[in-house]
>>> print(open('start-v6.cif').read())   # mmCIF, C-alpha atoms and all ligand atoms; chains and numbers go by the auth columns
data_start
#
loop_
_atom_site.group_PDB
_atom_site.id
_atom_site.type_symbol
_atom_site.label_atom_id
_atom_site.label_comp_id
_atom_site.label_asym_id
_atom_site.label_seq_id
_atom_site.Cartn_x
_atom_site.Cartn_y
_atom_site.Cartn_z
_atom_site.B_iso_or_equiv
_atom_site.auth_seq_id
_atom_site.auth_asym_id
ATOM 1 C CA VAL A 1 85.029 104.435 113.785 0.00 1 A
ATOM 2 C CA THR A 2 85.730 102.246 110.767 0.00 2 A
ATOM 3 C CA GLN A 3 88.178 99.474 111.513 0.00 3 A
ATOM 4 C CA LEU A 4 89.773 96.786 109.384 0.00 4 A
ATOM 5 C CA VAL A 5 91.960 93.817 110.229 0.00 5 A
ATOM 6 C CA ASP A 6 94.716 92.614 107.946 0.00 6 A
ATOM 7 C CA SER A 7 94.118 88.980 108.880 0.00 7 A
ATOM 8 C CA HIS A 8 97.195 87.670 107.067 0.00 8 A
ATOM 9 C CA CYS A 9 100.409 89.609 106.524 0.00 9 A
ATOM 10 C CA HIS A 10 104.107 88.802 106.532 0.00 10 A
ATOM 11 C CA LEU A 11 105.722 91.823 108.158 0.00 11 A
ATOM 12 C CA ASP A 12 108.917 89.803 108.584 0.00 12 A
ATOM 13 C CA LEU A 13 109.200 89.155 104.835 0.00 13 A
ATOM 14 C CA MET A 14 108.807 92.780 103.742 0.00 14 A
ATOM 15 C CA ASP A 15 111.899 94.451 102.344 0.00 15 A
ATOM 16 C CA LEU A 16 111.699 97.456 104.639 0.00 16 A
ATOM 17 C CA THR A 17 113.991 99.539 102.392 0.00 17 A
ATOM 18 C CA LYS A 18 110.983 99.721 100.041 0.00 18 A
ATOM 19 C CA PHE A 19 108.618 100.966 102.738 0.00 19 A
ATOM 20 C CA PRO A 20 109.305 104.441 104.154 0.00 20 A
ATOM 21 C CA GLY A 21 109.601 104.539 107.940 0.00 21 A
ATOM 22 C CA GLY A 22 110.165 100.798 108.386 0.00 22 A
ATOM 23 C CA ILE A 23 107.576 98.880 110.416 0.00 23 A
ATOM 24 C CA ASP A 24 106.507 102.088 112.198 0.00 24 A
ATOM 25 C CA GLY A 25 105.702 103.606 108.804 0.00 25 A
ATOM 26 C CA VAL A 26 103.903 100.475 107.658 0.00 26 A
ATOM 27 C CA ILE A 27 101.718 100.491 110.781 0.00 27 A
ATOM 28 C CA ARG A 28 101.062 104.239 110.552 0.00 28 A
ATOM 29 C CA ARG A 29 99.960 104.080 106.907 0.00 29 A
ATOM 30 C CA ALA A 30 97.775 101.085 107.762 0.00 30 A
ATOM 31 C CA ASN A 31 96.115 103.054 110.579 0.00 31 A
ATOM 32 C CA GLU A 32 95.489 105.917 108.133 0.00 32 A
ATOM 33 C CA HIS A 33 93.644 103.387 105.953 0.00 33 A
ATOM 34 C CA ASP A 34 91.480 102.078 108.839 0.00 34 A
ATOM 35 C CA VAL A 35 93.624 98.986 109.403 0.00 35 A
ATOM 36 C CA ASP A 36 94.020 98.668 113.176 0.00 36 A
ATOM 37 C CA TYR A 37 94.855 95.001 113.729 0.00 37 A
ATOM 38 C CA PHE A 38 97.321 92.669 112.058 0.00 38 A
ATOM 39 C CA LEU A 39 97.911 88.952 112.096 0.00 39 A
ATOM 40 C CA CYS A 40 101.519 88.345 111.173 0.00 40 A
ATOM 41 C CA VAL A 41 101.746 84.777 109.894 0.00 41 A
ATOM 42 C CA ALA A 42 104.723 82.426 110.170 0.00 42 A
ATOM 43 C CA ILE A 43 106.022 80.475 107.185 0.00 43 A
ATOM 44 C CA HIS A 44 108.968 78.951 109.056 0.00 44 A
ATOM 45 C CA LEU A 45 109.648 78.097 112.692 0.00 45 A
ATOM 46 C CA ASN A 46 112.938 80.033 112.529 0.00 46 A
ATOM 47 C CA HIS A 47 110.924 83.225 112.035 0.00 47 A
ATOM 48 C CA VAL A 48 108.749 82.765 115.093 0.00 48 A
ATOM 49 C CA PRO A 49 111.012 84.580 117.600 0.00 49 A
ATOM 50 C CA GLN A 50 111.048 87.625 115.305 0.00 50 A
ATOM 51 C CA LEU A 51 107.262 87.493 114.914 0.00 51 A
ATOM 52 C CA ILE A 52 106.817 87.318 118.666 0.00 52 A
ATOM 53 C CA SER A 53 109.081 90.327 119.133 0.00 53 A
ATOM 54 C CA ILE A 54 107.105 92.350 116.542 0.00 54 A
ATOM 55 C CA ALA A 55 103.863 91.331 118.262 0.00 55 A
ATOM 56 C CA ASP A 56 105.301 92.306 121.641 0.00 56 A
ATOM 57 C CA ASN A 57 106.355 95.723 120.314 0.00 57 A
ATOM 58 C CA TYR A 58 103.058 96.582 118.615 0.00 58 A
ATOM 59 C CA GLU A 59 99.941 96.173 120.691 0.00 59 A
ATOM 60 C CA HIS A 60 97.633 95.310 117.790 0.00 60 A
ATOM 61 C CA VAL A 61 99.899 92.861 116.023 0.00 61 A
ATOM 62 C CA PHE A 62 99.265 89.164 116.630 0.00 62 A
ATOM 63 C CA ALA A 63 101.410 86.274 115.430 0.00 63 A
ATOM 64 C CA SER A 64 101.173 82.603 114.494 0.00 64 A
ATOM 65 C CA VAL A 65 103.427 79.569 114.487 0.00 65 A
ATOM 66 C CA GLY A 66 103.768 77.280 111.500 0.00 66 A
ATOM 67 C CA LEU A 67 105.705 75.828 108.619 0.00 67 A
ATOM 68 C CA HIS A 68 104.420 76.708 105.140 0.00 68 A
ATOM 69 C CA PRO A 69 103.378 73.765 102.907 0.00 69 A
ATOM 70 C CA ASN A 70 105.884 74.855 100.253 0.00 70 A
ATOM 71 C CA GLU A 71 108.888 74.846 102.593 0.00 71 A
ATOM 72 C CA THR A 72 111.072 71.951 101.401 0.00 72 A
ATOM 73 C CA PRO A 73 110.375 68.411 102.692 0.00 73 A
ATOM 74 C CA ASP A 74 113.699 68.209 104.548 0.00 74 A
ATOM 75 C CA VAL A 75 112.391 70.657 107.156 0.00 75 A
ATOM 76 C CA VAL A 76 110.459 68.503 109.588 0.00 76 A
ATOM 77 C CA VAL A 77 108.279 69.811 112.376 0.00 77 A
ATOM 78 C CA THR A 78 106.726 67.909 115.256 0.00 78 A
ATOM 79 C CA GLU A 79 103.486 68.542 117.065 0.00 79 A
ATOM 80 C CA ALA A 80 105.461 69.106 120.294 0.00 80 A
ATOM 81 C CA GLU A 81 107.624 71.805 118.661 0.00 81 A
ATOM 82 C CA LEU A 82 104.593 73.664 117.371 0.00 82 A
ATOM 83 C CA VAL A 83 102.765 73.432 120.679 0.00 83 A
ATOM 84 C CA GLY A 84 105.892 74.583 122.530 0.00 84 A
ATOM 85 C CA LEU A 85 106.317 77.667 120.335 0.00 85 A
ATOM 86 C CA ALA A 86 102.593 78.414 120.512 0.00 86 A
ATOM 87 C CA GLN A 87 102.739 78.976 124.286 0.00 87 A
ATOM 88 C CA SER A 88 103.484 82.705 123.923 0.00 88 A
ATOM 89 C CA ASP A 89 100.444 84.959 124.494 0.00 89 A
ATOM 90 C CA SER A 90 101.234 86.765 121.241 0.00 90 A
ATOM 91 C CA ILE A 91 100.601 83.554 119.288 0.00 91 A
ATOM 92 C CA ILE A 92 96.909 83.304 118.472 0.00 92 A
ATOM 93 C CA ALA A 93 96.970 80.741 115.659 0.00 93 A
ATOM 94 C CA VAL A 94 98.700 77.761 114.070 0.00 94 A
ATOM 95 C CA GLY A 95 99.751 78.124 110.420 0.00 95 A
ATOM 96 C CA GLU A 96 100.103 78.834 107.731 0.00 96 A
ATOM 97 C CA THR A 97 99.650 75.202 106.932 0.00 97 A
ATOM 98 C CA GLY A 98 97.734 73.257 104.335 0.00 98 A
ATOM 99 C CA LEU A 99 98.304 71.854 100.864 0.00 99 A
ATOM 100 C CA ASP A 100 99.746 73.523 97.795 0.00 100 A
ATOM 101 C CA TYR A 101 99.897 71.277 94.729 0.00 101 A
ATOM 102 C CA TYR A 102 100.584 74.248 92.489 0.00 102 A
ATOM 103 C CA ARG A 103 104.042 75.095 93.777 0.00 103 A
ATOM 104 C CA SER A 104 105.124 71.635 95.027 0.00 104 A
ATOM 105 C CA GLU A 105 105.263 68.576 92.791 0.00 105 A
ATOM 106 C CA GLY A 106 105.729 64.809 92.933 0.00 106 A
ATOM 107 C CA ASP A 107 104.797 62.615 95.865 0.00 107 A
ATOM 108 C CA LEU A 108 103.418 65.049 98.400 0.00 108 A
ATOM 109 C CA ALA A 109 102.845 62.624 101.276 0.00 109 A
ATOM 110 C CA TRP A 110 105.263 64.772 103.346 0.00 110 A
ATOM 111 C CA GLN A 111 103.097 67.841 102.763 0.00 111 A
ATOM 112 C CA GLN A 112 99.959 65.999 103.810 0.00 112 A
ATOM 113 C CA GLN A 113 101.705 64.715 106.938 0.00 113 A
ATOM 114 C CA ARG A 114 102.904 68.236 107.781 0.00 114 A
ATOM 115 C CA PHE A 115 99.337 69.486 107.457 0.00 115 A
ATOM 116 C CA ARG A 116 98.038 66.754 109.783 0.00 116 A
ATOM 117 C CA THR A 117 100.736 67.609 112.334 0.00 117 A
ATOM 118 C CA HIS A 118 99.634 71.266 112.344 0.00 118 A
ATOM 119 C CA ILE A 119 95.977 70.362 112.849 0.00 119 A
ATOM 120 C CA ALA A 120 96.909 68.097 115.762 0.00 120 A
ATOM 121 C CA ALA A 121 99.011 70.903 117.292 0.00 121 A
ATOM 122 C CA ALA A 122 96.216 73.454 116.888 0.00 122 A
ATOM 123 C CA LYS A 123 93.801 71.130 118.685 0.00 123 A
ATOM 124 C CA GLN A 124 96.397 70.461 121.370 0.00 124 A
ATOM 125 C CA CYS A 125 96.925 74.164 122.165 0.00 125 A
ATOM 126 C CA GLY A 126 93.407 75.370 121.356 0.00 126 A
ATOM 127 C CA LYS A 127 94.498 77.937 118.762 0.00 127 A
ATOM 128 C CA SER A 128 92.765 78.467 115.420 0.00 128 A
ATOM 129 C CA LEU A 129 94.178 77.241 112.111 0.00 129 A
ATOM 130 C CA ILE A 130 95.386 79.359 109.192 0.00 130 A
ATOM 131 C CA ILE A 131 94.987 77.170 106.121 0.00 131 A
ATOM 132 C CA HIS A 132 96.692 77.747 102.794 0.00 132 A
ATOM 133 C CA THR A 133 95.161 75.678 99.994 0.00 133 A
ATOM 134 C CA ARG A 134 95.972 75.769 96.321 0.00 134 A
ATOM 135 C CA GLN A 135 94.878 73.296 93.646 0.00 135 A
ATOM 136 C CA ALA A 136 94.278 70.610 96.254 0.00 136 A
ATOM 137 C CA PRO A 137 90.606 71.047 97.176 0.00 137 A
ATOM 138 C CA ASP A 138 89.620 67.415 97.741 0.00 138 A
ATOM 139 C CA ASP A 139 92.674 66.434 99.759 0.00 139 A
ATOM 140 C CA THR A 140 92.478 69.619 101.843 0.00 140 A
ATOM 141 C CA ILE A 141 88.869 68.995 102.824 0.00 141 A
ATOM 142 C CA GLN A 142 89.507 65.294 103.382 0.00 142 A
ATOM 143 C CA ILE A 143 92.406 65.908 105.768 0.00 143 A
ATOM 144 C CA MET A 144 90.502 68.657 107.600 0.00 144 A
ATOM 145 C CA THR A 145 87.624 66.226 108.051 0.00 145 A
ATOM 146 C CA GLU A 146 89.729 63.209 109.075 0.00 146 A
ATOM 147 C CA GLU A 147 91.728 65.269 111.587 0.00 147 A
ATOM 148 C CA ASN A 148 88.657 67.010 113.041 0.00 148 A
ATOM 149 C CA ALA A 149 89.953 70.475 112.212 0.00 149 A
ATOM 150 C CA SER A 150 86.476 71.829 113.040 0.00 150 A
ATOM 151 C CA GLU A 151 87.290 71.333 116.695 0.00 151 A
ATOM 152 C CA VAL A 152 89.437 74.497 116.593 0.00 152 A
ATOM 153 C CA GLY A 153 88.270 76.082 113.333 0.00 153 A
ATOM 154 C CA GLY A 154 90.076 78.883 111.609 0.00 154 A
ATOM 155 C CA VAL A 155 90.413 80.445 108.188 0.00 155 A
ATOM 156 C CA MET A 156 91.007 79.434 104.578 0.00 156 A
ATOM 157 C CA HIS A 157 93.376 82.243 103.716 0.00 157 A
ATOM 158 C CA CYS A 158 93.920 83.991 100.356 0.00 158 A
ATOM 159 C CA PHE A 159 91.075 81.960 98.958 0.00 159 A
ATOM 160 C CA THR A 160 91.288 81.336 95.194 0.00 160 A
ATOM 161 C CA GLU A 161 89.342 78.089 94.791 0.00 161 A
ATOM 162 C CA ASP A 162 85.790 77.603 93.535 0.00 162 A
ATOM 163 C CA TRP A 163 82.396 77.757 95.205 0.00 163 A
ATOM 164 C CA THR A 164 82.245 73.978 95.817 0.00 164 A
ATOM 165 C CA MET A 165 85.447 74.183 97.848 0.00 165 A
ATOM 166 C CA ALA A 166 84.235 77.310 99.643 0.00 166 A
ATOM 167 C CA LYS A 167 80.979 75.609 100.559 0.00 167 A
ATOM 168 C CA ALA A 168 82.823 72.568 101.930 0.00 168 A
ATOM 169 C CA ALA A 169 85.045 74.780 104.103 0.00 169 A
ATOM 170 C CA LEU A 170 82.051 76.799 105.328 0.00 170 A
ATOM 171 C CA ASP A 171 80.260 73.551 106.185 0.00 171 A
ATOM 172 C CA LEU A 172 83.241 72.626 108.365 0.00 172 A
ATOM 173 C CA GLY A 173 82.752 75.918 110.215 0.00 173 A
ATOM 174 C CA PHE A 174 85.710 77.715 108.674 0.00 174 A
ATOM 175 C CA TYR A 175 86.021 81.371 107.697 0.00 175 A
ATOM 176 C CA ILE A 176 87.188 82.464 104.246 0.00 176 A
ATOM 177 C CA SER A 177 89.662 85.274 103.707 0.00 177 A
ATOM 178 C CA PHE A 178 90.191 87.295 100.538 0.00 178 A
ATOM 179 C CA SER A 179 93.393 88.990 99.463 0.00 179 A
ATOM 180 C CA GLY A 180 94.032 91.504 96.670 0.00 180 A
ATOM 181 C CA VAL A 181 93.455 88.668 94.185 0.00 181 A
ATOM 182 C CA VAL A 182 89.720 89.391 94.431 0.00 182 A
ATOM 183 C CA THR A 183 90.352 92.795 92.808 0.00 183 A
ATOM 184 C CA PHE A 184 92.057 91.278 89.759 0.00 184 A
ATOM 185 C CA LYS A 185 90.051 91.646 86.592 0.00 185 A
ATOM 186 C CA ASN A 186 90.249 87.975 85.570 0.00 186 A
ATOM 187 C CA ALA A 187 89.569 86.556 89.060 0.00 187 A
ATOM 188 C CA LYS A 188 85.951 85.650 88.277 0.00 188 A
ATOM 189 C CA GLN A 189 85.889 82.453 90.348 0.00 189 A
ATOM 190 C CA VAL A 190 87.080 84.213 93.530 0.00 190 A
ATOM 191 C CA GLN A 191 84.730 87.125 92.924 0.00 191 A
ATOM 192 C CA GLU A 192 81.826 84.701 92.687 0.00 192 A
ATOM 193 C CA VAL A 193 82.718 83.234 96.089 0.00 193 A
ATOM 194 C CA ALA A 194 83.152 86.711 97.623 0.00 194 A
ATOM 195 C CA THR A 195 79.722 87.675 96.336 0.00 195 A
ATOM 196 C CA LYS A 196 77.831 84.511 97.301 0.00 196 A
ATOM 197 C CA MET A 197 79.276 83.562 100.667 0.00 197 A
ATOM 198 C CA PRO A 198 77.740 84.690 103.967 0.00 198 A
ATOM 199 C CA LEU A 199 79.262 87.989 105.113 0.00 199 A
ATOM 200 C CA ASP A 200 79.479 86.725 108.687 0.00 200 A
ATOM 201 C CA ARG A 201 82.231 84.250 107.715 0.00 201 A
ATOM 202 C CA MET A 202 84.386 86.575 105.649 0.00 202 A
ATOM 203 C CA LEU A 203 87.818 87.995 106.444 0.00 203 A
ATOM 204 C CA VAL A 204 90.149 90.247 104.456 0.00 204 A
ATOM 205 C CA GLU A 205 93.926 90.246 104.215 0.00 205 A
ATOM 206 C CA THR A 206 96.858 91.483 102.168 0.00 206 A
ATOM 207 C CA ASP A 207 99.227 88.471 102.320 0.00 207 A
ATOM 208 C CA CYS A 208 101.817 91.228 101.899 0.00 208 A
ATOM 209 C CA PRO A 209 104.442 91.670 100.570 0.00 209 A
ATOM 210 C CA TYR A 210 102.763 89.626 97.802 0.00 210 A
ATOM 211 C CA LEU A 211 99.573 90.131 95.776 0.00 211 A
ATOM 212 C CA ALA A 212 98.940 93.888 96.008 0.00 212 A
ATOM 213 C CA PRO A 213 95.358 94.736 95.049 0.00 213 A
ATOM 214 C CA VAL A 214 94.392 96.899 92.091 0.00 214 A
ATOM 215 C CA PRO A 215 95.465 99.758 91.622 0.00 215 A
ATOM 216 C CA PHE A 216 98.833 98.622 93.051 0.00 216 A
ATOM 217 C CA ARG A 217 98.979 95.245 91.332 0.00 217 A
ATOM 218 C CA GLY A 218 102.588 94.106 90.848 0.00 218 A
ATOM 219 C CA LYS A 219 103.957 96.605 93.364 0.00 219 A
ATOM 220 C CA PRO A 220 105.125 95.779 96.920 0.00 220 A
ATOM 221 C CA ASN A 221 102.075 95.199 99.076 0.00 221 A
ATOM 222 C CA GLU A 222 101.507 96.511 102.608 0.00 222 A
ATOM 223 C CA PRO A 223 98.703 96.179 105.194 0.00 223 A
ATOM 224 C CA ALA A 224 97.232 99.616 104.325 0.00 224 A
ATOM 225 C CA TYR A 225 96.021 98.114 101.055 0.00 225 A
ATOM 226 C CA THR A 226 93.542 95.864 102.890 0.00 226 A
ATOM 227 C CA LYS A 227 91.217 98.819 102.374 0.00 227 A
ATOM 228 C CA TYR A 228 91.195 98.440 98.582 0.00 228 A
ATOM 229 C CA THR A 229 90.244 94.777 98.876 0.00 229 A
ATOM 230 C CA ALA A 230 87.423 95.580 101.323 0.00 230 A
ATOM 231 C CA GLU A 231 86.172 98.357 99.028 0.00 231 A
ATOM 232 C CA HIS A 232 86.160 96.015 96.059 0.00 232 A
ATOM 233 C CA ILE A 233 84.197 93.353 97.946 0.00 233 A
ATOM 234 C CA ALA A 234 81.675 95.998 99.001 0.00 234 A
ATOM 235 C CA GLN A 235 81.231 96.921 95.354 0.00 235 A
ATOM 236 C CA LEU A 236 80.813 93.266 94.311 0.00 236 A
ATOM 237 C CA ARG A 237 78.144 92.684 96.963 0.00 237 A
ATOM 238 C CA GLY A 238 76.414 96.030 96.534 0.00 238 A
ATOM 239 C CA ILE A 239 76.898 97.019 100.168 0.00 239 A
ATOM 240 C CA THR A 240 78.923 99.783 101.808 0.00 240 A
ATOM 241 C CA TYR A 241 82.602 99.671 102.610 0.00 241 A
ATOM 242 C CA ASP A 242 81.707 100.273 106.271 0.00 242 A
ATOM 243 C CA GLU A 243 79.524 97.164 106.320 0.00 243 A
ATOM 244 C CA VAL A 244 82.368 95.044 104.981 0.00 244 A
ATOM 245 C CA ALA A 245 84.821 96.599 107.448 0.00 245 A
ATOM 246 C CA GLU A 246 82.566 96.081 110.449 0.00 246 A
ATOM 247 C CA ALA A 247 81.657 92.496 109.569 0.00 247 A
ATOM 248 C CA THR A 248 85.168 91.342 108.703 0.00 248 A
ATOM 249 C CA THR A 249 86.586 92.928 111.864 0.00 249 A
ATOM 250 C CA ASP A 250 83.979 91.273 114.098 0.00 250 A
ATOM 251 C CA ASN A 251 84.543 88.006 112.242 0.00 251 A
ATOM 252 C CA PHE A 252 88.271 88.146 112.843 0.00 252 A
ATOM 253 C CA PHE A 253 87.784 88.125 116.606 0.00 253 A
ATOM 254 C CA SER A 254 85.282 85.255 116.389 0.00 254 A
ATOM 255 C CA CYS A 255 87.628 83.295 114.158 0.00 255 A
ATOM 256 C CA PHE A 256 90.607 83.909 116.467 0.00 256 A
ATOM 257 C CA PRO A 257 89.244 83.881 120.033 0.00 257 A
ATOM 258 C CA LYS A 258 92.798 84.228 121.443 0.00 258 A
ATOM 259 C CA ALA A 259 93.108 87.700 119.894 0.00 259 A
ATOM 260 C CA THR A 260 92.110 90.455 122.297 0.00 260 A
ATOM 261 C CA ARG A 261 90.205 93.417 120.968 0.00 261 A
ATOM 262 C CA SER A 262 90.964 96.607 122.829 0.00 262 A
ATOM 263 C CA ALA A 263 88.623 99.518 123.349 0.00 263 A
ATOM 264 C CA LYS A 264 89.462 102.327 120.953 0.00 264 A
HETATM 265 ZN ZN ZN B . 99.502 81.313 101.938 0.00 1 B
HETATM 266 ZN ZN ZN B . 100.948 83.915 103.646 0.00 2 B
#
>>> encode(input="start-v6.cif", output="structure tokens", more="lines below")
Ligand SMILES: [Zn+2]
Ligand SMILES: [Zn+2]
Amino acid sequence: VTQLVDSHCHLDLMDLTKFPGGIDGVIRRANEHDVDYFLCVAIHLNHVPQLISIADNYEHVFASVGLHPNETPDVVVTEAELVGLAQSDSIIAVGETGLDYYRSEGDLAWQQQRFRTHIAAAKQCGKSLIIHTRQAPDDTIQIMTEENASEVGGVMHCFTEDWTMAKAALDLGFYISFSGVVTFKNAKQVQEVATKMPLDRMLVETDCPYLAPVPFRGKPNEPAYTKYTAEHIAQLRGITYDEVAEATTDNFFSCFPKATRSAK
């Protein structure tokens, strides 16, 4: 049986009026496209109770706790708050956290501090990190190194940086996840990474409702579309879709040891 994992989705941010059948419909269409597991990622602590309730309602949905790097600096989170929220069994990861110098500007010391706090919390509760990094390769790797992020590991999600950055993250023991961006015609840099990197460290994701893959580019994205990203990566690497599906699914459970894989 071919299985995929949507390793990064935002079910709580989807405008369910645009998706027939609500979350049930979203999950059913995903299943029809081989997507059997979902990691629903937090961007704000206020969303965590809702994420936990979705994860509790759907057996194969996992959740995370975190405050997105682009949430405004006035929202402050402590290590204790993160660790406290992470106690639920449905929470398998800490994030998304990281650095985004594309969407935030000025003195970003607050963003760097927020990232360090998340790494400390992940180490404290033994749950893997979900790292968002955009146009901040050197600082991202430096903070990961200084804070010993390798101790818990995790994933560089929706990867769009270059091979040098990919290599540095792989050297720290991290996984790399590709979204629909890898299917975009002009995304040569990401495609190069998806082609060159070891398959045993790769994950796939939608990051829905954003970034729908070709042929749905610009439309609302949903977990079912993970399949189009996996198919595109298979094509880039000259291997079968099944090989990509099997590897990325196995990798997901190695990357997130707190996620339980059930017999199907
Ligand atoms: Zn992100
Ligand atoms: Zn995200």
>>> resolve_selection(input="start-v6.cif", expression="the PyMOL selection byres (((chain A and resi 8-15) around 10) and not hetatm)", output="PyMOL selection string")
chain A and resi 5-7+16-19+22-23+26-27+38-43+47-48+50-51+54+61-64+96+130+155+157-158+177-179+203-210+220-223+226
>>> atom_distance(input="start-v6.cif", atom1="atom CA of Ile52 of chain A", atom2="atom CA of Ser90 of chain A")
6.2 Å
>>> residues_around(input="start-v6.cif", residues="segment 143-149 of chain A", least_positions_apart="3", cutoff="10 Å", atoms="all atoms listed in the file", output="JSON, numbers by chain")
{"A": [98, 99, 112, 113, 115, 116, 117, 118, 119, 120, 122, 123, 128, 129, 131, 138, 139, 140, 152, 153, 154, 169, 172, 173, 174]}
>>> atom_distance(input="start-v6.cif", atom1="atom CA of Gly21 of chain A", atom2="atom CA of Tyr58 of chain A")
14.8 Å
>>> residues_around(input="start-v6.cif", residues="Gln87 of chain A", least_positions_apart="3", cutoff="12 Å", atoms="all atoms listed in the file", output="ChimeraX atom specification")
/A:48,52,63-65,80-84,90-94,121-122,124-127,258
>>> residues_near_point(input="start-v6.cif", point="(88.6, 69.8, 96.5)", cutoff="12 Å", atoms="only C-alpha atoms", output="PyMOL selection string")
chain A and resi 99-101+133-144+160-169
>>> residues_around(input="start-v6.cif", residues="Gly218 of chain A", least_positions_apart="4", cutoff="12 Å", atoms="only C-alpha atoms", output="VMD selection string")
chain A and resid 180 to 181 184 208 to 214
>>> atom_distance(input="start-v6.cif", atom1="atom CA of Ala55 of chain A", atom2="atom CA of Ser254 of chain A")
19.6 Å
>>> residues_near_point(input="start-v6.cif", point="(88.4, 101.7, 106.8)", cutoff="7 Å", atoms="only C-alpha atoms", output="JSON list (two decimals) with C-alpha atoms, keeping the file's coordinate frame")
[["chain", "number", "residue", "atom", "x", "y", "z"],
["A", 2, "THR", "CA", 85.73, 102.25, 110.77],
["A", 3, "GLN", "CA", 88.18, 99.47, 111.51],
["A", 4, "LEU", "CA", 89.77, 96.79, 109.38],
["A", 33, "HIS", "CA", 93.64, 103.39, 105.95],
["A", 34, "ASP", "CA", 91.48, 102.08, 108.84],
["A", 35, "VAL", "CA", 93.62, 98.99, 109.40],
["A", 227, "LYS", "CA", 91.22, 98.82, 102.37],
["A", 242, "ASP", "CA", 81.71, 100.27, 106.27],
["A", 245, "ALA", "CA", 84.82, 96.60, 107.45]]
>>> resolve_selection(input="start-v6.cif", expression="the PyMOL selection byres (((chain A and resi 244) around 9) and not hetatm)", output="MDAnalysis selection string")
chainID A and resid 4 199 202 230:231 233:234 239:243 245:249
>>> closest_residue(input="start-v6.cif", among="A:Phe159, A:His60, A:Leu108, A:Ala86", to="ligand ZN 1 (chain B)", atoms="all atoms listed in the file")
A:Phe159
>>> closest_residue(input="start-v6.cif", among="A:Val1, A:Leu85, A:Leu67, A:Cys255", to="ligand ZN 2 (chain B)", atoms="all atoms listed in the file")
A:Leu67
>>> closest_residue(input="start-v6.cif", among="A:Met156, A:Val77, A:Ala259, A:Ala109", to="ligand ZN 1 (chain B)", atoms="only C-alpha atoms and all ligand atoms")
A:Met156
>>> closest_residue(input="start-v6.cif", among="A:Pro20, A:Pro198, A:Gly66, A:Pro73", to="ligand ZN 1 (chain B)", atoms="all atoms listed in the file")
A:Gly66
>>> closest_residue(input="start-v6.cif", among="A:Ser53, A:Asn46, A:Thr229, A:Asn70", to="ligand ZN 1 (chain B)", atoms="all atoms listed in the file")
A:Asn70
>>> closest_residue(input="start-v6.cif", among="A:Glu151, A:Glu59, A:Asp171, A:Glu71", to="ligand ZN 1 (chain B)", atoms="only C-alpha atoms and all ligand atoms")
A:Glu71
